[in-house]
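Peer 1: Okay, handing you the structure first.
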Protein chains: 2
Amino acid sequence: MSTARERILAATEELLASKDALAISTRAICDRAKVGMPEIYRQFGDKQGLLTAVACIGFERFLANKRRNPMTDDPVADLRTAWDSHVAFALDNPHLYRLMFTPAPDSQPPAVEEARALLLSALERCRAAGRLRTPLELAGQSILTANVGVCLMALSFPGLYGDPGISRSVRDAVIGAVTGDEREDTRITDGIVLAQTLVGTLTGTAPVGSDAIARLSQALRGPASPRDE
Amino acid sequence: MSTARERILAATEELLASKDALAISTRAICDRAKVGMPEIYRQFGDKQGLLTAVACIGFERFLANKRRNPMTDDPVADLRTAWDSHVAFALDNPHLYRLMFTPAPDSQPPAVEEARALLLSALERCRAAGRLRTPLELAGQSILTANVGVCLMALSFPGLYGDPGISRSVRDAVIGAVTGDEREDTRITDGIVLAQTLVGTLTGTAPVGSDAIARLSQALRGPASPRDE
DNA sequence: TCCAAGGCGTTAGCAACGCTTTCGTAGCTG
DNA sequence: CAGCTACGAAAGCGTTGCTAACGCCTTGGA
């Protein structure tokens with residue numbers, strides 16, 4: 001048989017699968033763990049300590065889940081899959097998730113820090129790829145904040161806010177804002193640079209020679225396909 | 001003296017100003033309201049019923065707050081001030097806010113619906129102004145979800161996520177995404193249309209597609225790349 | 001004026017809760 | 001074997017949400 005501490009933690013997790021944390025009585029935990037009442041308090045101080053410990057091992061599962069996500073060469077896409085795995089975890093473990101992210105006042109689950117660190121490292125990769133246009137710290141806080149909001153609302157009001165489309169919408173909005181939407185960025189750059197250059201050329205004030213114009217018309221006809229519509 | 005029901009509600013609200021809802025005992029409420037214990041149950045059925053009633057009148061204050069916001073002729077700016085007043089309410093009434101937006105399981109605070117309706121009407125004004133590029137319903141769900149997320153995280157982890165900059169960042173990201181960021185839109189439109197027109201003028205051809213512009217922009221940078229900036 | 005009816009206060013108490021104390025026992029270590 | 005730690009059993013404390021029983025007092029229709 002395993003140690004008492006392990007059995008208590010396991011029993012609490014099992015009960016947490018079907019009930020809310022506050023609806024679980026210490027006696028039920030003890031019954032299921034085949035443990036006397038004082039054992040909880042010898043091991044965890046009080047019920048809140050036990051719940052915090054459970055939240056911590058929940059965070060470990062949560063982070064292990066995330067670390068299992070393969071890193072692609074598109075760090076922004078990785079950000080999106082991290083978001084999705086976050087949401088999936090919340091929906092799979094509703095009560096555990098609420099315990100982790102709606103803690104009792106003055107109870108600091110120390111593992112929120114770890115989640116933040118993991119997210120920041122993913123964002124660091126975005127920054128290295130030139131795909132970050134907000135401060136790193138602020139980007140991480142914005143993403144996690146919005147991500148948790150989507151999950152908590154989906155858990156609290158599944159009827160009104162359980163639609164997966166909401167998650168996608170908020171996800172793309174926030175991640176797009178902090179990393180910059182690639183398509184729009186190139187569209188802006190291309191369009192504006194082109195327009196400025198052409199205007200300069202036309203007015204004679206520009207740093208573009210006629211060879212550039214030649215190249216432009218060459219490009220206009222296209223590499224293989226002379227397409228416009 | 002006022003009626004017993006009013007006194008109970010007032011006493012609960014007052015206690016809610018300093019304690020969490022779950023930390024409030026029915027006896028404390030009764031003491032403060034000068035009421036016997038059975039009165040709560042005659043009036044509200046049970047403690048959860050009382051808390052739901054308090055949450056409802058909290059929603060009324062919340063909505064009255066929002067309705068007090070003047071409507072300007074910029075519906076998107078109105079959206080942002082509504083967001084900010086939402087956050088201010090949450091920070092001013094932390095326990096009441098948590099009671100409203102993290103309800104006990106199977107307790108439907110009916111007033112969340114009202115908040116949604118108010119937000120949708122504001123979004124409808126955006127749509128009428130041509131400043132909405134996502135479905136109305138989804139836009140409302142996205143905004144409220146993100147808004148609540150910012151607030152709950154700020155309340156739960158004021159140290160890590162209490163920074164007002166996070167609220168601004170998420171706010172502008174989400175609202176910008178559903179309404180379309182005006183500045184970027186005009187920059188894109190202006191740049192592209194201008195480029196298309198000029199290229200058409202220069203080459204004597206019809207306006208070109210944006211993929212052609214991308215090719216042009218590439219060509220502009222050139223093989224030897226006499227880049228300007 | 002009388003007399004129900006109902007809103008409200010009082011007392012007492014139940015079961016369940018978190019938590020504690022006490023005690024007994026098993027198993028390992030020196 | 002002695003002594004220590006780890007753990008289980010039982011009982012109990014104070015508080016909680018909630019209920020039962022009773023009685024007061026105002027109200028309003030007869």
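Following the order of the structure tokens, first chain is A, next is B, and so on, with residues numbered from 1 inside each chain and ligands from 1 in the order they appear.
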Can you list, as a tab-separated table (two decimals) with C-alpha atoms (C1' of nucleotides), in the first residue's frame, every protein, DNA or RNA residue that comes within 8 Å of range 6-17 of chain C when you count only C-alpha atoms (C1' of nucleotides), leaving out same-chain residues fewer than 5 positions away?
Peer 2:
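The resulting file, result-v3.tsv, is reproduced below:
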chain	number	residue	atom	x	y	z
A	25	SER	CA	-15.69	17.06	3.10
B	4	ALA	CA	-36.90	42.36	7.03
B	35	VAL	CA	-33.48	39.26	12.25
B	36	GLY	CA	-34.05	35.72	13.39
B	39	GLU	CA	-36.29	34.79	8.31
D	16	DT	C1'	-22.11	25.97	10.14
D	19	DT	C1'	-35.65	23.43	10.47
D	24	DC	C1'	-46.51	38.28	19.02
Peer 1: Determine, for each residue of chain A having at least one atom at most 12 Å from an atom of chain C, the closest pair of atoms and their separation in Å to one decimal, counting only C-alpha atoms (C1' of nucleotides); order by chain and ascending number, as CSV.
Peer 2:
residue,atom,partner,partner_atom,distance
A:Leu22,CA,C:DC17,C1',11.1
A:Ala23,CA,C:DC17,C1',10.5
A:Ile24,CA,C:DC17,C1',10.2
A:Ser25,CA,C:DC17,C1',7.3
A:Thr26,CA,C:DG18,C1',7.6
A:Arg27,CA,C:DC17,C1',9.0
A:Ala28,CA,C:DC17,C1',11.1
A:Met37,CA,C:DC19,C1',8.9
A:Pro38,CA,C:DT20,C1',8.0
A:Glu39,CA,C:DC19,C1',11.4
A:Ile40,CA,C:DC19,C1',10.1
A:Tyr41,CA,C:DC19,C1',8.2
A:Arg42,CA,C:DT20,C1',11.2
A:Gly45,CA,C:DC19,C1',10.1
A:Asp46,CA,C:DC19,C1',8.0
A:Lys47,CA,C:DG18,C1',7.8
A:Gln48,CA,C:DG18,C1',10.5
Peer 1: Only N, CA and C atoms, please: the residues just picked out, written as a compact mmCIF listing (two decimals), in the first residue's frame.
Peer 2:
# COMPACT_ATOMS: atom_id res chain seq x y z
N LEU A 22 -15.11 22.82 -2.67
CA LEU A 22 -15.76 23.21 -1.43
C LEU A 22 -16.82 22.20 -1.01
N ALA A 23 -17.30 21.43 -1.93
CA ALA A 23 -18.33 20.44 -1.62
C ALA A 23 -17.73 19.14 -1.12
N ILE A 24 -16.42 19.06 -1.08
CA ILE A 24 -15.76 17.85 -0.60
C ILE A 24 -15.49 17.99 0.89
N SER A 25 -15.93 17.01 1.66
CA SER A 25 -15.69 17.06 3.10
C SER A 25 -14.43 16.28 3.43
N THR A 26 -13.76 16.75 4.45
CA THR A 26 -12.54 16.05 4.86
C THR A 26 -12.85 14.61 5.28
N ARG A 27 -14.03 14.39 5.79
CA ARG A 27 -14.38 13.03 6.21
C ARG A 27 -14.49 12.11 4.99
N ALA A 28 -15.08 12.63 3.93
CA ALA A 28 -15.18 11.81 2.71
C ALA A 28 -13.80 11.47 2.19
N MET A 37 -8.85 11.00 10.49
CA MET A 37 -8.98 12.45 10.29
C MET A 37 -7.69 13.23 10.58
N PRO A 38 -6.99 12.92 11.66
CA PRO A 38 -5.82 13.78 11.97
C PRO A 38 -4.74 13.71 10.90
N GLU A 39 -4.78 12.68 10.07
CA GLU A 39 -3.71 12.54 9.10
C GLU A 39 -3.65 13.72 8.14
N ILE A 40 -4.81 14.19 7.73
CA ILE A 40 -4.84 15.35 6.83
C ILE A 40 -4.10 16.52 7.46
N TYR A 41 -4.35 16.72 8.75
CA TYR A 41 -3.81 17.92 9.39
C TYR A 41 -2.35 17.73 9.76
N ARG A 42 -1.96 16.47 9.96
CA ARG A 42 -0.53 16.22 10.15
C ARG A 42 0.23 16.48 8.85
N GLY A 45 -1.56 20.56 7.31
CA GLY A 45 -1.90 21.71 8.13
C GLY A 45 -3.39 21.91 8.26
N ASP A 46 -4.03 22.16 7.16
CA ASP A 46 -5.49 22.25 7.19
C ASP A 46 -6.03 21.92 5.81
N LYS A 47 -7.34 22.04 5.68
CA LYS A 47 -7.96 21.65 4.41
C LYS A 47 -7.44 22.51 3.26
N GLN A 48 -7.27 23.78 3.52
CA GLN A 48 -6.77 24.66 2.47
C GLN A 48 -5.39 24.23 2.01
Peer 1: Just the residues within 10 Å of range 91-99 of chain B, please, counting only C-alpha atoms (C1' of nucleotides), with nothing from its chain fewer than 3 positions along; format it as number ranges by chain.
Peer 2: A: 102; B: 13, 15-22, 51-52, 54-56, 58-59, 62, 85-88, 102-104, 109, 148, 151-152, 154-156, 162
Peer 1: Taking N, CA and C atoms for each residue, export the selection above as a JSON list (two decimals), in the first residue's frame.
Peer 2:
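That gives us selection-v7.json:
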[["chain", "number", "residue", "atom", "x", "y", "z"],
["A", 102, "THR", "N", -8.97, 29.97, -9.40],
["A", 102, "THR", "CA", -9.80, 30.84, -8.55],
["A", 102, "THR", "C", -9.50, 30.48, -7.12],
["B", 13, "GLU", "N", -24.93, 42.64, 1.80],
["B", 13, "GLU", "CA", -24.07, 43.49, 0.96],
["B", 13, "GLU", "C", -22.96, 44.11, 1.78],
["B", 15, "LEU", "N", -21.59, 43.06, 4.57],
["B", 15, "LEU", "CA", -20.59, 42.06, 4.93],
["B", 15, "LEU", "C", -19.76, 41.68, 3.70],
["B", 16, "LEU", "N", -20.41, 41.70, 2.55],
["B", 16, "LEU", "CA", -19.72, 41.33, 1.32],
["B", 16, "LEU", "C", -18.65, 42.35, 0.95],
["B", 17, "ALA", "N", -18.74, 43.52, 1.54],
["B", 17, "ALA", "CA", -17.73, 44.53, 1.24],
["B", 17, "ALA", "C", -16.38, 44.16, 1.83],
["B", 18, "SER", "N", -16.39, 43.34, 2.87],
["B", 18, "SER", "CA", -15.13, 43.03, 3.53],
["B", 18, "SER", "C", -14.78, 41.55, 3.53],
["B", 19, "LYS", "N", -15.76, 40.69, 3.29],
["B", 19, "LYS", "CA", -15.49, 39.25, 3.32],
["B", 19, "LYS", "C", -15.94, 38.61, 2.02],
["B", 20, "ASP", "N", -15.44, 37.44, 1.79],
["B", 20, "ASP", "CA", -15.92, 36.65, 0.68],
["B", 20, "ASP", "C", -17.31, 36.09, 1.02],
["B", 21, "ALA", "N", -18.06, 35.79, -0.03],
["B", 21, "ALA", "CA", -19.43, 35.32, 0.18],
["B", 21, "ALA", "C", -19.47, 34.04, 1.02],
["B", 22, "LEU", "N", -18.53, 33.15, 0.77],
["B", 22, "LEU", "CA", -18.55, 31.87, 1.49],
["B", 22, "LEU", "C", -18.11, 32.03, 2.93],
["B", 51, "LEU", "N", -27.77, 34.68, -1.67],
["B", 51, "LEU", "CA", -26.60, 35.16, -2.41],
["B", 51, "LEU", "C", -26.96, 35.47, -3.86],
["B", 52, "THR", "N", -27.81, 34.66, -4.43],
["B", 52, "THR", "CA", -28.24, 34.94, -5.80],
["B", 52, "THR", "C", -29.00, 36.26, -5.88],
["B", 54, "VAL", "N", -28.59, 38.76, -3.89],
["B", 54, "VAL", "CA", -27.59, 39.84, -3.75],
["B", 54, "VAL", "C", -26.85, 40.03, -5.07],
["B", 55, "ALA", "N", -26.53, 38.93, -5.72],
["B", 55, "ALA", "CA", -25.84, 39.03, -7.01],
["B", 55, "ALA", "C", -26.71, 39.79, -8.01],
["B", 56, "CYS", "N", -28.02, 39.55, -7.95],
["B", 56, "CYS", "CA", -28.92, 40.23, -8.87],
["B", 56, "CYS", "C", -28.92, 41.73, -8.65],
["B", 58, "GLY", "N", -26.60, 43.33, -7.32],
["B", 58, "GLY", "CA", -25.27, 43.75, -7.77],
["B", 58, "GLY", "C", -25.26, 44.00, -9.26],
["B", 59, "PHE", "N", -25.90, 43.13, -10.01],
["B", 59, "PHE", "CA", -25.99, 43.31, -11.45],
["B", 59, "PHE", "C", -26.74, 44.57, -11.80],
["B", 62, "PHE", "N", -24.44, 47.32, -11.37],
["B", 62, "PHE", "CA", -23.44, 47.18, -12.43],
["B", 62, "PHE", "C", -23.98, 47.75, -13.74],
["B", 85, "SER", "N", -15.25, 50.63, -17.39],
["B", 85, "SER", "CA", -16.16, 50.75, -16.26],
["B", 85, "SER", "C", -16.44, 49.37, -15.66],
["B", 86, "HIS", "N", -16.43, 48.36, -16.51],
["B", 86, "HIS", "CA", -16.56, 46.99, -16.03],
["B", 86, "HIS", "C", -15.41, 46.65, -15.08],
["B", 87, "VAL", "N", -14.21, 46.94, -15.51],
["B", 87, "VAL", "CA", -13.03, 46.65, -14.68],
["B", 87, "VAL", "C", -13.08, 47.44, -13.38],
["B", 88, "ALA", "N", -13.47, 48.71, -13.48],
["B", 88, "ALA", "CA", -13.53, 49.54, -12.28],
["B", 88, "ALA", "C", -14.53, 48.97, -11.28],
["B", 102, "THR", "N", -18.55, 34.18, -10.72],
["B", 102, "THR", "CA", -18.12, 32.80, -10.46],
["B", 102, "THR", "C", -19.17, 32.15, -9.60],
["B", 103, "PRO", "N", -20.33, 31.92, -10.18],
["B", 103, "PRO", "CA", -21.46, 31.45, -9.38],
["B", 103, "PRO", "C", -21.25, 30.00, -8.97],
["B", 104, "ALA", "N", -21.99, 29.61, -7.96],
["B", 104, "ALA", "CA", -21.97, 28.21, -7.57],
["B", 104, "ALA", "C", -22.53, 27.38, -8.72],
["B", 109, "PRO", "N", -27.30, 32.97, -12.30],
["B", 109, "PRO", "CA", -27.66, 34.37, -12.09],
["B", 109, "PRO", "C", -28.30, 34.90, -13.36],
["B", 148, "VAL", "N", -14.13, 39.67, -18.35],
["B", 148, "VAL", "CA", -14.25, 38.98, -17.07],
["B", 148, "VAL", "C", -12.92, 38.32, -16.71],
["B", 151, "CYS", "N", -10.60, 40.77, -15.17],
["B", 151, "CYS", "CA", -11.02, 41.15, -13.81],
["B", 151, "CYS", "C", -10.75, 40.04, -12.81],
["B", 152, "LEU", "N", -11.13, 38.82, -13.14],
["B", 152, "LEU", "CA", -10.96, 37.73, -12.19],
["B", 152, "LEU", "C", -9.48, 37.48, -11.90],
["B", 154, "ALA", "N", -7.12, 39.70, -12.09],
["B", 154, "ALA", "CA", -6.63, 40.83, -11.29],
["B", 154, "ALA", "C", -7.06, 40.67, -9.83],
["B", 155, "LEU", "N", -8.25, 40.12, -9.61],
["B", 155, "LEU", "CA", -8.70, 39.94, -8.24],
["B", 155, "LEU", "C", -8.00, 38.76, -7.57],
["B", 156, "SER", "N", -7.77, 37.69, -8.32],
["B", 156, "SER", "CA", -7.18, 36.50, -7.73],
["B", 156, "SER", "C", -5.69, 36.65, -7.52],
["B", 162, "GLY", "N", -2.43, 42.27, -11.66],
["B", 162, "GLY", "CA", -3.25, 43.42, -11.29],
["B", 162, "GLY", "C", -2.90, 44.67, -12.08]]
Peer 1: As a PyMOL selection string, please: every residue in range 52-155 of chain A that DSSP puts in helix (DSSP H, G or I).
Peer 2: chain A and resi 52-67+75-92+94-101+111-128+136-155
Peer 1: Using only C-alpha atoms for the distances, tell me which of A:Thr81, A:Ser121, A:Gln43, A:Ser107 is nearest to chain B.
Peer 2: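 Once distances to chain B are computed over only C-alpha atoms, the minimum belongs to A:Ser107.
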Peer 1: Give me, as JSON lines, the closest atom pair and its distance (Å, one decimal) for every residue of chain D within a cut-off of 12 Å of chain B, counting only C-alpha atoms (C1' of nucleotides), rows sorted by chain and rising number.
Peer 2:
{"residue": "D:DT15", "atom": "C1'", "partner": "B:Ser25", "partner_atom": "CA", "distance": 9.4}
{"residue": "D:DT16", "atom": "C1'", "partner": "B:Ser25", "partner_atom": "CA", "distance": 7.4}
{"residue": "D:DG17", "atom": "C1'", "partner": "B:Thr26", "partner_atom": "CA", "distance": 7.6}
{"residue": "D:DC18", "atom": "C1'", "partner": "B:Asp46", "partner_atom": "CA", "distance": 7.9}
{"residue": "D:DT19", "atom": "C1'", "partner": "B:Pro38", "partner_atom": "CA", "distance": 8.1}
{"residue": "D:DA20", "atom": "C1'", "partner": "B:Pro38", "partner_atom": "CA", "distance": 10.1}
{"residue": "D:DA21", "atom": "C1'", "partner": "B:Pro38", "partner_atom": "CA", "distance": 11.8}
Peer 1: Report, in Å with one decimal, the straight-line distance from CA of Val178 in chain B to CA of Arg127 in chain A.
Peer 2: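 Atom-to-atom, CA of Val178 in chain B and CA of Arg127 in chain A are spaced 25.2 Å apart.
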Peer 1: So how far away is CA of Gly180 in chain A from CA of Arg131 in chain A, in Å?
Peer 2: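 Computed distance, CA of Arg131 in chain A to CA of Gly180 in chain A, equals 6.6 Å.
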Peer 1: Mind pulling up the distance from CA of Met153 in chain A to CA of Thr145 in chain B?
Peer 2: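 CA of Met153 in chain A lies at a distance of 6.2 Å from CA of Thr145 in chain B.
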